[in-house]
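Asker: So that you have it, the file is input_22.pdb, and it contains PDB, C-alpha atoms, pLDDT in the B column:
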```pdb
ATOM      1  CA  MET A   1       3.480  -5.487 -32.751  1.00 81.00           C
ATOM      2  CA  HIS A   2       4.660  -2.582 -30.610  1.00 93.00           C
ATOM      3  CA  VAL A   3       7.150  -3.476 -27.861  1.00 95.00           C
ATOM      4  CA  LEU A   4       4.731  -2.121 -25.239  1.00 97.00           C
ATOM      5  CA  ASP A   5       2.126  -4.678 -26.338  1.00 96.00           C
ATOM      6  CA  ASN A   6       4.439  -7.361 -24.892  1.00 95.00           C
ATOM      7  CA  PRO A   7       6.830  -5.424 -22.631  1.00 96.00           C
ATOM      8  CA  VAL A   8       7.940  -8.329 -20.439  1.00 97.00           C
ATOM      9  CA  TRP A   9       9.097 -10.398 -23.407  1.00 96.00           C
ATOM     10  CA  HIS A  10      11.033  -7.518 -24.937  1.00 96.00           C
ATOM     11  CA  ALA A  11      12.639  -6.691 -21.579  1.00 97.00           C
ATOM     12  CA  LEU A  12      13.643 -10.320 -20.981  1.00 97.00           C
ATOM     13  CA  THR A  13      15.097 -10.731 -24.467  1.00 96.00           C
ATOM     14  CA  GLY A  14      16.747  -7.305 -24.367  1.00 94.00           C
ATOM     15  CA  PRO A  15      18.174  -5.042 -21.669  1.00 93.00           C
ATOM     16  CA  GLN A  16      17.157  -7.243 -18.688  1.00 97.00           C
ATOM     17  CA  ARG A  17      18.130 -10.639 -20.071  1.00 96.00           C
ATOM     18  CA  ALA A  18      20.506 -11.287 -17.153  1.00 97.00           C
ATOM     19  CA  LEU A  19      17.671 -11.082 -14.600  1.00 97.00           C
ATOM     20  CA  GLY A  20      15.664 -14.034 -15.911  1.00 98.00           C
ATOM     21  CA  ARG A  21      15.582 -17.057 -18.169  1.00 97.00           C
ATOM     22  CA  THR A  22      14.259 -17.412 -21.699  1.00 97.00           C
ATOM     23  CA  THR A  23      13.722 -19.978 -24.409  1.00 96.00           C
ATOM     24  CA  GLU A  24      12.856 -19.222 -28.022  1.00 93.00           C
ATOM     25  CA  LEU A  25       9.178 -19.144 -27.080  1.00 95.00           C
ATOM     26  CA  ALA A  26       8.841 -18.023 -23.442  1.00 96.00           C
ATOM     27  CA  GLY A  27      10.629 -16.323 -20.591  1.00 97.00           C
ATOM     28  CA  ARG A  28      10.344 -15.323 -16.961  1.00 98.00           C
ATOM     29  CA  PHE A  29      12.182 -13.151 -14.484  1.00 98.00           C
ATOM     30  CA  ASP A  30      13.930 -14.798 -11.568  1.00 98.00           C
ATOM     31  CA  PRO A  31      11.168 -15.158  -8.929  1.00 96.00           C
ATOM     32  CA  ASP A  32      13.040 -13.065  -6.352  1.00 96.00           C
ATOM     33  CA  VAL A  33      13.334 -10.248  -8.926  1.00 97.00           C
ATOM     34  CA  ALA A  34       9.759 -10.114 -10.276  1.00 97.00           C
ATOM     35  CA  PRO A  35       6.814 -12.486 -10.775  1.00 97.00           C
ATOM     36  CA  PHE A  36       6.462 -11.694 -14.477  1.00 98.00           C
ATOM     37  CA  GLY A  37       6.781 -14.043 -17.398  1.00 97.00           C
ATOM     38  CA  ALA A  38       5.976 -13.749 -21.081  1.00 96.00           C
ATOM     39  CA  LEU A  39       5.222 -15.615 -24.269  1.00 95.00           C
ATOM     40  CA  ALA A  40       7.097 -14.760 -27.444  1.00 93.00           C
ATOM     41  CA  SER A  41       5.304 -12.157 -29.539  1.00 82.00           C
ATOM     42  CA  GLY A  42       3.158 -13.723 -32.239  1.00 75.00           C
ATOM     43  CA  SER A  43       3.472 -17.294 -30.953  1.00 70.00           C
ATOM     44  CA  VAL A  44       0.160 -19.149 -30.612  1.00 68.00           C
ATOM     45  CA  THR A  45       1.201 -22.813 -30.576  1.00 76.00           C
ATOM     46  CA  ASP A  46       0.979 -25.165 -27.604  1.00 79.00           C
ATOM     47  CA  SER A  47       4.787 -25.185 -27.498  1.00 90.00           C
ATOM     48  CA  VAL A  48       4.878 -21.688 -25.970  1.00 92.00           C
ATOM     49  CA  TRP A  49       2.886 -22.887 -22.970  1.00 95.00           C
ATOM     50  CA  GLU A  50       5.065 -25.980 -22.676  1.00 95.00           C
ATOM     51  CA  ASP A  51       8.184 -23.796 -22.591  1.00 96.00           C
ATOM     52  CA  LEU A  52       6.642 -21.493 -19.991  1.00 96.00           C
ATOM     53  CA  ALA A  53       5.587 -24.459 -17.842  1.00 96.00           C
ATOM     54  CA  GLN A  54       9.177 -25.723 -17.853  1.00 96.00           C
ATOM     55  CA  LEU A  55      10.448 -22.314 -16.750  1.00 97.00           C
ATOM     56  CA  VAL A  56       7.810 -21.932 -14.022  1.00 97.00           C
ATOM     57  CA  GLY A  57       7.878 -25.493 -12.702  1.00 96.00           C
ATOM     58  CA  PRO A  58       4.993 -27.744 -11.586  1.00 97.00           C
ATOM     59  CA  LYS A  59       2.332 -25.754  -9.741  1.00 97.00           C
ATOM     60  CA  GLY A  60       4.539 -22.673  -9.938  1.00 97.00           C
ATOM     61  CA  THR A  61       3.026 -19.216 -10.388  1.00 97.00           C
ATOM     62  CA  VAL A  62       3.722 -16.514 -12.949  1.00 98.00           C
ATOM     63  CA  SER A  63       2.137 -13.207 -13.922  1.00 97.00           C
ATOM     64  CA  LEU A  64       1.474 -12.530 -17.611  1.00 97.00           C
ATOM     65  CA  THR A  65       0.291  -9.460 -19.488  1.00 93.00           C
ATOM     66  CA  GLY A  66      -0.166  -8.460 -23.111  1.00 82.00           C
ATOM     67  CA  ASP A  67      -2.275  -9.987 -25.872  1.00 80.00           C
ATOM     68  CA  LEU A  68      -2.458 -13.574 -24.654  1.00 83.00           C
ATOM     69  CA  PRO A  69      -3.857 -16.629 -26.455  1.00 83.00           C
ATOM     70  CA  ASP A  70      -6.440 -18.787 -24.716  1.00 86.00           C
ATOM     71  CA  LEU A  71      -5.125 -20.776 -21.765  1.00 91.00           C
ATOM     72  CA  PRO A  72      -4.579 -24.476 -22.486  1.00 91.00           C
ATOM     73  CA  PRO A  73      -5.870 -27.175 -20.126  1.00 93.00           C
ATOM     74  CA  GLY A  74      -4.010 -27.411 -16.826  1.00 95.00           C
ATOM     75  CA  TRP A  75      -3.318 -23.708 -16.325  1.00 96.00           C
ATOM     76  CA  THR A  76      -5.333 -21.967 -13.607  1.00 96.00           C
ATOM     77  CA  VAL A  77      -6.120 -18.252 -13.241  1.00 96.00           C
ATOM     78  CA  ILE A  78      -5.461 -17.298  -9.616  1.00 97.00           C
ATOM     79  CA  ALA A  79      -6.150 -13.575  -9.976  1.00 96.00           C
ATOM     80  CA  ARG A  80      -6.874 -10.957 -12.627  1.00 95.00           C
ATOM     81  CA  PHE A  81      -5.927  -7.282 -12.482  1.00 94.00           C
ATOM     82  CA  ASP A  82      -7.284  -4.718 -14.948  1.00 96.00           C
ATOM     83  CA  GLY A  83      -5.242  -1.614 -15.609  1.00 96.00           C
ATOM     84  CA  MET A  84      -4.288   1.166 -17.961  1.00 97.00           C
ATOM     85  CA  GLN A  85      -0.949   1.480 -19.700  1.00 97.00           C
ATOM     86  CA  MET A  86       0.162   5.115 -19.789  1.00 97.00           C
ATOM     87  CA  VAL A  87       3.053   6.684 -21.709  1.00 96.00           C
ATOM     88  CA  GLY A  88       4.934   9.890 -20.917  1.00 93.00           C
ATOM     89  CA  ASP A  89       6.659  10.770 -24.164  1.00 81.00           C
ATOM     90  CA  GLY A  90       6.234  14.554 -23.882  1.00 65.00           C
ATOM     91  CA  ALA A  91       9.663  15.544 -22.592  1.00 44.00           C
ATOM     92  CA  ARG A  92       8.688  19.188 -22.258  1.00 44.00           C
ATOM     93  CA  ARG A  93       5.957  18.218 -19.799  1.00 48.00           C
ATOM     94  CA  LEU A  94       8.131  16.027 -17.623  1.00 50.00           C
ATOM     95  CA  GLY A  95      11.185  16.149 -15.430  1.00 46.00           C
ATOM     96  CA  MET A  96      13.166  19.364 -15.163  1.00 44.00           C
ATOM     97  CA  ASP A  97      10.757  21.204 -17.457  1.00 42.00           C
ATOM     98  CA  VAL A  98       7.845  20.955 -15.021  1.00 38.00           C
ATOM     99  CA  GLY A  99       7.239  24.094 -12.968  1.00 38.00           C
ATOM    100  CA  SER A 100       9.639  26.952 -12.387  1.00 36.00           C
ATOM    101  CA  SER A 101      12.074  25.036 -10.167  1.00 41.00           C
ATOM    102  CA  PRO A 102      13.907  21.721 -10.564  1.00 44.00           C
ATOM    103  CA  PRO A 103      12.470  18.856  -8.475  1.00 51.00           C
ATOM    104  CA  GLY A 104      13.998  18.901  -5.010  1.00 50.00           C
ATOM    105  CA  SER A 105      15.277  22.460  -5.203  1.00 47.00           C
ATOM    106  CA  ALA A 106      14.881  24.854  -2.296  1.00 45.00           C
ATOM    107  CA  GLU A 107      12.309  26.812  -4.304  1.00 45.00           C
ATOM    108  CA  SER A 108      10.118  23.739  -4.865  1.00 57.00           C
ATOM    109  CA  GLY A 109       9.888  23.062  -1.132  1.00 74.00           C
ATOM    110  CA  LEU A 110      10.220  19.298  -1.686  1.00 85.00           C
ATOM    111  CA  PRO A 111      12.999  17.001  -0.431  1.00 88.00           C
ATOM    112  CA  VAL A 112      15.738  15.900  -2.793  1.00 90.00           C
ATOM    113  CA  PRO A 113      15.221  12.241  -3.811  1.00 94.00           C
ATOM    114  CA  VAL A 114      18.048   9.864  -2.883  1.00 95.00           C
ATOM    115  CA  LEU A 115      19.227   6.797  -4.780  1.00 95.00           C
ATOM    116  CA  LEU A 116      18.122   3.502  -3.221  1.00 96.00           C
ATOM    117  CA  GLY A 117      20.094   0.267  -3.455  1.00 95.00           C
ATOM    118  CA  SER A 118      20.613  -3.129  -1.895  1.00 94.00           C
ATOM    119  CA  ASP A 119      21.334  -1.639   1.545  1.00 96.00           C
ATOM    120  CA  ASP A 120      17.833  -0.127   1.577  1.00 97.00           C
ATOM    121  CA  VAL A 121      15.883  -3.272   0.645  1.00 97.00           C
ATOM    122  CA  SER A 122      14.557  -4.013   4.140  1.00 97.00           C
ATOM    123  CA  GLU A 123      13.105  -0.505   4.430  1.00 98.00           C
ATOM    124  CA  MET A 124      11.697  -0.692   0.898  1.00 98.00           C
ATOM    125  CA  LEU A 125       9.977  -4.001   1.658  1.00 98.00           C
ATOM    126  CA  ALA A 126       8.519  -2.535   4.845  1.00 97.00           C
ATOM    127  CA  LEU A 127       7.113   0.430   2.873  1.00 98.00           C
ATOM    128  CA  VAL A 128       5.665  -1.945   0.268  1.00 97.00           C
ATOM    129  CA  GLU A 129       4.007  -3.975   3.015  1.00 96.00           C
ATOM    130  CA  VAL A 130       2.173  -0.863   4.213  1.00 96.00           C
ATOM    131  CA  THR A 131       1.267   0.633   0.835  1.00 96.00           C
ATOM    132  CA  ARG A 132       0.793  -2.363  -1.512  1.00 93.00           C
ATOM    133  CA  PRO A 133       1.899  -0.651  -4.757  1.00 92.00           C
ATOM    134  CA  GLY A 134       2.264  -3.977  -6.589  1.00 90.00           C
ATOM    135  CA  PRO A 135       4.782  -6.809  -6.813  1.00 92.00           C
ATOM    136  CA  PHE A 136       8.097  -6.042  -5.136  1.00 95.00           C
ATOM    137  CA  GLU A 137      10.600  -8.728  -4.160  1.00 96.00           C
ATOM    138  CA  ARG A 138      13.949  -8.724  -2.376  1.00 96.00           C
ATOM    139  CA  ARG A 139      15.914  -8.389  -5.653  1.00 96.00           C
ATOM    140  CA  THR A 140      13.488  -6.058  -7.438  1.00 97.00           C
ATOM    141  CA  VAL A 141      15.837  -3.176  -6.679  1.00 95.00           C
ATOM    142  CA  GLU A 142      18.284  -4.740  -9.188  1.00 95.00           C
ATOM    143  CA  LEU A 143      15.938  -3.634 -11.984  1.00 94.00           C
ATOM    144  CA  GLY A 144      17.399  -0.188 -11.312  1.00 85.00           C
ATOM    145  CA  GLY A 145      16.603   3.478 -10.974  1.00 87.00           C
ATOM    146  CA  TYR A 146      14.959   3.438  -7.541  1.00 96.00           C
ATOM    147  CA  LEU A 147      14.696   6.758  -5.760  1.00 96.00           C
ATOM    148  CA  GLY A 148      13.369   7.490  -2.292  1.00 97.00           C
ATOM    149  CA  ILE A 149      12.528  10.354   0.030  1.00 96.00           C
ATOM    150  CA  ARG A 150      13.689  10.299   3.629  1.00 96.00           C
ATOM    151  CA  ILE A 151      12.256  12.506   6.329  1.00 95.00           C
ATOM    152  CA  ASP A 152      14.079  12.470   9.664  1.00 94.00           C
ATOM    153  CA  GLY A 153      15.969   9.438   8.408  1.00 94.00           C
ATOM    154  CA  GLN A 154      12.837   7.407   7.653  1.00 96.00           C
ATOM    155  CA  LEU A 155      12.077   6.172   4.128  1.00 97.00           C
ATOM    156  CA  VAL A 156       8.587   7.579   3.531  1.00 98.00           C
ATOM    157  CA  ALA A 157       8.220   7.393  -0.262  1.00 98.00           C
ATOM    158  CA  MET A 158       9.819   5.695  -3.248  1.00 97.00           C
ATOM    159  CA  ALA A 159       9.498   4.978  -6.958  1.00 97.00           C
ATOM    160  CA  GLY A 160      11.714   3.314  -9.521  1.00 96.00           C
ATOM    161  CA  GLU A 161      12.069   1.470 -12.800  1.00 96.00           C
ATOM    162  CA  ARG A 162      10.863  -2.048 -13.505  1.00 96.00           C
ATOM    163  CA  LEU A 163      10.460  -3.312 -17.090  1.00 97.00           C
ATOM    164  CA  ARG A 164      12.887  -1.975 -19.676  1.00 97.00           C
ATOM    165  CA  PRO A 165      11.885  -3.021 -23.186  1.00 97.00           C
ATOM    166  CA  PRO A 166      14.132  -1.367 -25.793  1.00 96.00           C
ATOM    167  CA  GLY A 167      13.535   2.378 -25.925  1.00 96.00           C
ATOM    168  CA  TYR A 168      11.247   2.464 -22.878  1.00 97.00           C
ATOM    169  CA  ALA A 169      11.350   2.166 -19.095  1.00 97.00           C
ATOM    170  CA  GLU A 170       8.440   1.435 -16.772  1.00 97.00           C
ATOM    171  CA  ILE A 171       7.978   3.526 -13.641  1.00 97.00           C
ATOM    172  CA  SER A 172       6.783   1.320 -10.820  1.00 96.00           C
ATOM    173  CA  ALA A 173       6.601   0.800  -7.034  1.00 96.00           C
ATOM    174  CA  VAL A 174       5.215   4.308  -6.514  1.00 96.00           C
ATOM    175  CA  ALA A 175       4.592   4.217  -2.768  1.00 96.00           C
ATOM    176  CA  THR A 176       4.079   6.788  -0.025  1.00 97.00           C
ATOM    177  CA  ASP A 177       3.694   6.087   3.687  1.00 97.00           C
ATOM    178  CA  PRO A 178       0.065   6.896   4.658  1.00 96.00           C
ATOM    179  CA  ASN A 179       1.336   9.382   7.265  1.00 96.00           C
ATOM    180  CA  TYR A 180       3.058  11.409   4.539  1.00 96.00           C
ATOM    181  CA  GLN A 181       0.492  11.370   1.748  1.00 94.00           C
ATOM    182  CA  ARG A 182      -1.037  14.488   0.135  1.00 91.00           C
ATOM    183  CA  ARG A 183       2.289  16.300   0.213  1.00 92.00           C
ATOM    184  CA  GLY A 184       3.096  15.836  -3.473  1.00 92.00           C
ATOM    185  CA  LEU A 185       5.788  13.228  -2.808  1.00 95.00           C
ATOM    186  CA  ALA A 186       4.459  10.636  -5.290  1.00 94.00           C
ATOM    187  CA  GLY A 187       4.319  13.053  -8.198  1.00 92.00           C
ATOM    188  CA  HIS A 188       7.679  14.473  -7.154  1.00 92.00           C
ATOM    189  CA  LEU A 189       9.301  11.025  -7.364  1.00 94.00           C
ATOM    190  CA  VAL A 190       7.570  10.052 -10.604  1.00 94.00           C
ATOM    191  CA  LEU A 191       8.949  13.198 -12.243  1.00 92.00           C
ATOM    192  CA  ALA A 192      12.429  12.528 -10.868  1.00 92.00           C
ATOM    193  CA  VAL A 193      12.449   8.942 -12.185  1.00 93.00           C
ATOM    194  CA  ALA A 194      10.976  10.082 -15.523  1.00 93.00           C
ATOM    195  CA  GLU A 195      13.694  12.712 -15.823  1.00 90.00           C
ATOM    196  CA  GLY A 196      16.406  10.058 -15.528  1.00 91.00           C
ATOM    197  CA  ILE A 197      14.692   7.903 -18.159  1.00 93.00           C
ATOM    198  CA  LEU A 198      14.303  10.806 -20.583  1.00 92.00           C
ATOM    199  CA  ARG A 199      17.884  11.968 -20.122  1.00 90.00           C
ATOM    200  CA  ARG A 200      19.261   8.646 -21.318  1.00 91.00           C
ATOM    201  CA  GLY A 201      16.990   8.782 -24.376  1.00 92.00           C
ATOM    202  CA  ASP A 202      14.223   6.361 -23.345  1.00 95.00           C
ATOM    203  CA  ILE A 203      10.495   7.002 -22.923  1.00 95.00           C
ATOM    204  CA  PRO A 204       8.810   6.452 -19.540  1.00 96.00           C
ATOM    205  CA  PHE A 205       5.620   4.433 -19.230  1.00 97.00           C
ATOM    206  CA  LEU A 206       3.652   2.952 -16.343  1.00 97.00           C
ATOM    207  CA  HIS A 207       0.627   0.895 -15.404  1.00 97.00           C
ATOM    208  CA  ALA A 208      -2.206   1.967 -13.112  1.00 96.00           C
ATOM    209  CA  SER A 209      -5.183   0.009 -11.833  1.00 95.00           C
ATOM    210  CA  THR A 210      -8.475   0.977 -13.472  1.00 95.00           C
ATOM    211  CA  THR A 211      -9.954   1.322  -9.968  1.00 94.00           C
ATOM    212  CA  ASN A 212      -7.296   3.816  -8.865  1.00 92.00           C
ATOM    213  CA  MET A 213      -8.647   6.916 -10.542  1.00 94.00           C
ATOM    214  CA  GLY A 214      -6.675   9.167  -8.217  1.00 92.00           C
ATOM    215  CA  ALA A 215      -3.409   7.731  -9.515  1.00 92.00           C
ATOM    216  CA  ILE A 216      -4.553   7.960 -13.140  1.00 95.00           C
ATOM    217  CA  ARG A 217      -5.478  11.629 -12.691  1.00 94.00           C
ATOM    218  CA  LEU A 218      -2.110  12.296 -11.042  1.00 92.00           C
ATOM    219  CA  TYR A 219      -0.200  10.706 -13.911  1.00 93.00           C
ATOM    220  CA  GLU A 220      -2.256  12.613 -16.469  1.00 92.00           C
ATOM    221  CA  SER A 221      -1.416  15.854 -14.664  1.00 90.00           C
ATOM    222  CA  LEU A 222       2.270  14.960 -15.006  1.00 91.00           C
ATOM    223  CA  GLY A 223       1.999  14.531 -18.769  1.00 90.00           C
ATOM    224  CA  PHE A 224       1.206  10.828 -19.157  1.00 94.00           C
ATOM    225  CA  THR A 225      -1.498   9.732 -21.576  1.00 94.00           C
ATOM    226  CA  ILE A 226      -3.444   6.482 -21.680  1.00 96.00           C
ATOM    227  CA  ARG A 227      -2.150   4.203 -24.407  1.00 96.00           C
ATOM    228  CA  ARG A 228      -4.310   1.109 -23.921  1.00 96.00           C
ATOM    229  CA  PRO A 229      -6.131  -1.024 -21.350  1.00 96.00           C
ATOM    230  CA  VAL A 230      -4.106  -3.975 -20.053  1.00 96.00           C
ATOM    231  CA  VAL A 231      -4.801  -7.140 -18.105  1.00 95.00           C
ATOM    232  CA  PHE A 232      -2.427  -8.877 -15.717  1.00 96.00           C
ATOM    233  CA  LEU A 233      -3.145 -12.553 -15.017  1.00 96.00           C
ATOM    234  CA  LEU A 234      -1.596 -14.434 -12.114  1.00 97.00           C
ATOM    235  CA  LEU A 235      -1.450 -18.050 -13.267  1.00 97.00           C
ATOM    236  CA  GLU A 236      -0.621 -21.415 -11.742  1.00 97.00           C
ATOM    237  CA  ALA A 237       1.169 -23.885 -14.008  1.00 97.00           C
ATOM    238  CA  PRO A 238       0.024 -27.484 -14.428  1.00 95.00           C
ATOM    239  CA  GLY A 239       1.138 -30.033 -11.855  1.00 87.00           C
TER     240      GLY A 239
END
```
Now, as a test, write the supplied structure out as C-alpha cells.

Answerer:
Amino acid sequence: MHVLDNPVWHALTGPQRALGRTTELAGRFDPDVAPFGALASGSVTDSVWEDLAQLVGPKGTVSLTGDLPDLPPGWTVIARFDGMQMVGDGARRLGMDVGSSPPGSAESGLPVPVLLGSDDVSEMLALVEVTRPGPFERRTVELGGYLGIRIDGQLVAMAGERLRPPGYAEISAVATDPNYQRRGLAGHLVLAVAEGILRRGDIPFLHASTTNMGAIRLYESLGFTIRRPVVFLLLEAPG
C-alpha cells in the first residue's frame, strides 16, 4: 500500500508522532491540532475500531480517510466529503521554476509571503471562519510551514502544510479573503509552500473537493495531477 493511500496513519507513526497518540492498530491527532484519525494499514479486525474508540472517547468525533473497512455497530457517520487527491511531483513545474521571476519578486508583482506562527493564530482562525478551507484548529499551525500574505498589515491569504507522511507533505488551509480574491494570491502561496517542500526533498500533495472545480483547475495549472478520488468521513464513536 502506498503511503498516500493512508496518509494520516503514516504521518502519525512517522514525522508527526508527537502531535497525536497511537496504538499498534489506530491513531489520532490531538483534537486541538487536527480532527483526523487513522486505522493501521491492512488491519481489518474489530480490534482496530476498539483501539480507535479508546483514543476518541465515548461519543467523540474523528475524521477518517483512506481505504476503510465497513463500520462496525455503534459508529455513526456524521458527514461525508468527497474529494480528489492531487500530487505535485514535477519539480520543474513548481516553485522557483514557474514563470520568469521568483514568487514574490518585484517582477512578479505579487507580495512576498511571510512565515506564520503561534502569534498569528487569532488572525488565521478569523480568516478560516470567513473562507472555510477545511479543518483548522488553534494548534494546527504546529503542523508547520504556514505562509501568509499581508496587505496593509491585514492577513488576507494563507496556506501551509498539514499531513507529513514520509517523503510527502500535504498543502492545506489554502484561504483568501473574499475581498482579495482573483489576484493570484492562492496560486502564489501554493507555489511558495510547494517550493519549501521540494527543497527539503519531499513531494507536495493536496486534497480538493470534487465540487470545487475552480480549485482543481488551479492546482492542475500549477503542475498537480489527480492521483485518486478520496473520501473523508466524520464519525461519532460509540457511547

Asker: Need to verify the contact set: A:Thr23, 12 Å, all atoms listed in the file, exclusion of same-chain residues closer than 3 positions in sequence. Can you return it as a PyMOL selection string?

Answerer: chain A and resi 9+12-13+17+20+26-28+37-40+47-55

Asker: Give me, as a list in words, all polymer residues having an atom no more than 8 Å from stretch 189-193 of chain A, counting all atoms listed in the file and skipping those fewer than 6 positions away in the same chain.

Answerer: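 Contacts, with the query itself left out: Leu94, Gly95, Pro103, Pro113, Gly145, Tyr146, Leu147, Gly148, Met158, Ala159, Gly160, Glu161, Ile171, Val174 and Leu222 of chain A.
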
Asker: Of the residues A:His10, A:Arg162, A:His188, A:Arg182, which is the one nearest to A:Ile149, using only C-alpha atoms?

Answerer: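 Result for the nearest residue to A:Ile149: A:His188.
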
Asker: Pick the closest to A:Pro15 from A:Gly184, A:Gly201, A:Gly214, A:Gly167: which is it, counting all atoms listed in the file?

Answerer: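 Under the stated criterion, the closest residue is A:Gly167.
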
Asker: I want to know what sits within 10 Å of A:Pro69, based on only C-alpha atoms, with residues of the same chain fewer than 4 positions away left out; could you give that as a list in words?

Answerer: Leu39, Gly42, Ser43, Val44, Thr45, Asp46 and Trp49 of chain A

Asker: Could you tell me how far atom CA of A:Ala126 sits from atom CA of A:Gly196, in Å to one decimal place?

Answerer: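 According to the coordinates, atom CA of A:Gly196 and atom CA of A:Ala126 are separated by 25.2 Å.
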
Asker: Using all atoms listed in the file, which of A:Pro7, A:Pro204, A:Gly66, A:Gly74 sits nearest A:Ala237?

Answerer: A:Gly74

Asker: With all atoms listed in the file counted, which protein, DNA or RNA residues have an atom no more than 6 Å from (0.0, 10.4, -22.0) in the file frame? Please answer as a list in words.

Answerer: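 Every residue inside that radius is included here: Met86, Val87, Gly88, Gly223, Phe224, Thr225 and Ile226 of chain A.
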
Asker: Counting all atoms listed in the file, what is within 12 Å of A:Thr211, bar same-chain residues fewer than 3 positions away, as a list of chain:residue names?

Answerer: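 Answer for this query is A:Phe81, A:Asp82, A:Gly83, A:Met84, A:His207, A:Ala208, A:Gly214, A:Ala215, A:Ile216, A:Arg217.
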
Asker: For this structure, which residues satisfy the selection - the PyMOL selection byres ((chain A and resi 36) around 9) - when it is evaluated on the file as given? I want them as number ranges by chain.

Answerer: A: 8, 27-31, 33-35, 37-38, 62-65, 234

Asker: Choose the residue, out of A:Val230, A:Leu116, A:Glu137, A:Ala194, that has the smallest atom-to-atom separation from A:Asp89; count all atoms listed in the file.

Answerer: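 When distances to A:Asp89 are compared using all atoms listed in the file, the smallest one comes from A:Ala194.
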
Asker: With 9 Å as the threshold, what does the neighbourhood of (1.7, -0.4, 3.8) contain in terms of residues, counting all atoms listed in the file? Coordinates are those of the file; answer as a list of chain:residue names.

Answerer: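 Taken together, the residues in range are A:Ala126, A:Leu127, A:Val128, A:Glu129, A:Val130, A:Thr131, A:Arg132, A:Pro133, A:Ala175, A:Thr176, A:Asp177, A:Pro178.
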
Asker: Given the PyMOL selection byres ((chain A and resi 118) around 10) and the file above, list the residues it selects as a list of chain:residue names.

Answerer: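 After applying the PyMOL selection byres ((chain A and resi 118) around 10), what remains is A:Leu116, A:Gly117, A:Asp119, A:Asp120, A:Val121, A:Ser122, A:Met124, A:Arg138, A:Arg139, A:Thr140, A:Val141, A:Glu142.
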
Asker: Which residue is closest to A:Glu123? Choose from A:Ile78, A:Gly153, A:Pro165, A:His2 and count all atoms listed in the file.

Answerer: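 Among A:Ile78, A:Gly153, A:Pro165, A:His2, it is A:Gly153 that comes nearest to A:Glu123.
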
Asker: Provide the atom CA of A:Ala79 to atom CA of A:Thr61 distance in Å, to one decimal place.

Answerer: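 Value for the atom CA of A:Ala79-atom CA of A:Thr61 distance: 10.8 Å.
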
Asker: Any chance you could build stretch 52-66 of chain A out to N, CA and C atoms and write it as an mmCIF file, keeping the file's coordinate frame?

Answerer:
```cif
data_model
loop_
_atom_site.group_PDB
_atom_site.id
_atom_site.type_symbol
_atom_site.label_atom_id
_atom_site.label_comp_id
_atom_site.auth_asym_id
_atom_site.auth_seq_id
_atom_site.Cartn_x
_atom_site.Cartn_y
_atom_site.Cartn_z
ATOM 1 N N LEU A 52 6.880 -22.276 -21.196
ATOM 2 C CA LEU A 52 6.642 -21.493 -19.991
ATOM 3 C C LEU A 52 6.474 -22.409 -18.784
ATOM 4 N N ALA A 53 5.779 -23.525 -18.945
ATOM 5 C CA ALA A 53 5.587 -24.459 -17.842
ATOM 6 C C ALA A 53 6.924 -25.001 -17.348
ATOM 7 N N GLN A 54 7.853 -25.250 -18.253
ATOM 8 C CA GLN A 54 9.177 -25.723 -17.853
ATOM 9 C C GLN A 54 9.925 -24.652 -17.058
ATOM 10 N N LEU A 55 9.773 -23.399 -17.458
ATOM 11 C CA LEU A 55 10.448 -22.314 -16.750
ATOM 12 C C LEU A 55 9.832 -22.071 -15.369
ATOM 13 N N VAL A 56 8.514 -22.231 -15.267
ATOM 14 C CA VAL A 56 7.810 -21.932 -14.022
ATOM 15 C C VAL A 56 7.909 -23.089 -13.035
ATOM 16 N N GLY A 57 7.850 -24.318 -13.559
ATOM 17 C CA GLY A 57 7.878 -25.493 -12.702
ATOM 18 C C GLY A 57 6.478 -25.941 -12.319
ATOM 19 N N PRO A 58 6.317 -27.225 -11.934
ATOM 20 C CA PRO A 58 4.993 -27.744 -11.586
ATOM 21 C C PRO A 58 4.348 -26.945 -10.460
ATOM 22 N N LYS A 59 3.115 -26.516 -10.702
ATOM 23 C CA LYS A 59 2.332 -25.754 -9.741
ATOM 24 C C LYS A 59 2.965 -24.409 -9.379
ATOM 25 N N GLY A 60 3.941 -23.988 -10.159
ATOM 26 C CA GLY A 60 4.539 -22.673 -9.938
ATOM 27 C C GLY A 60 3.616 -21.572 -10.424
ATOM 28 N N THR A 61 3.864 -20.349 -9.997
ATOM 29 C CA THR A 61 3.026 -19.216 -10.388
ATOM 30 C C THR A 61 3.821 -18.226 -11.220
ATOM 31 N N VAL A 62 3.108 -17.518 -12.087
ATOM 32 C CA VAL A 62 3.722 -16.514 -12.949
ATOM 33 C C VAL A 62 2.649 -15.511 -13.334
ATOM 34 N N SER A 63 3.048 -14.267 -13.507
ATOM 35 C CA SER A 63 2.137 -13.207 -13.922
ATOM 36 C C SER A 63 2.405 -12.861 -15.378
ATOM 37 N N LEU A 64 1.352 -12.842 -16.189
ATOM 38 C CA LEU A 64 1.474 -12.530 -17.611
ATOM 39 C C LEU A 64 0.641 -11.306 -17.948
ATOM 40 N N THR A 65 1.066 -10.575 -18.964
ATOM 41 C CA THR A 65 0.291 -9.460 -19.488
ATOM 42 C C THR A 65 0.507 -9.394 -20.985
ATOM 43 N N GLY A 66 -0.274 -8.572 -21.667
ATOM 44 C CA GLY A 66 -0.166 -8.460 -23.111
ATOM 45 C C GLY A 66 -1.331 -9.147 -23.792
#
```
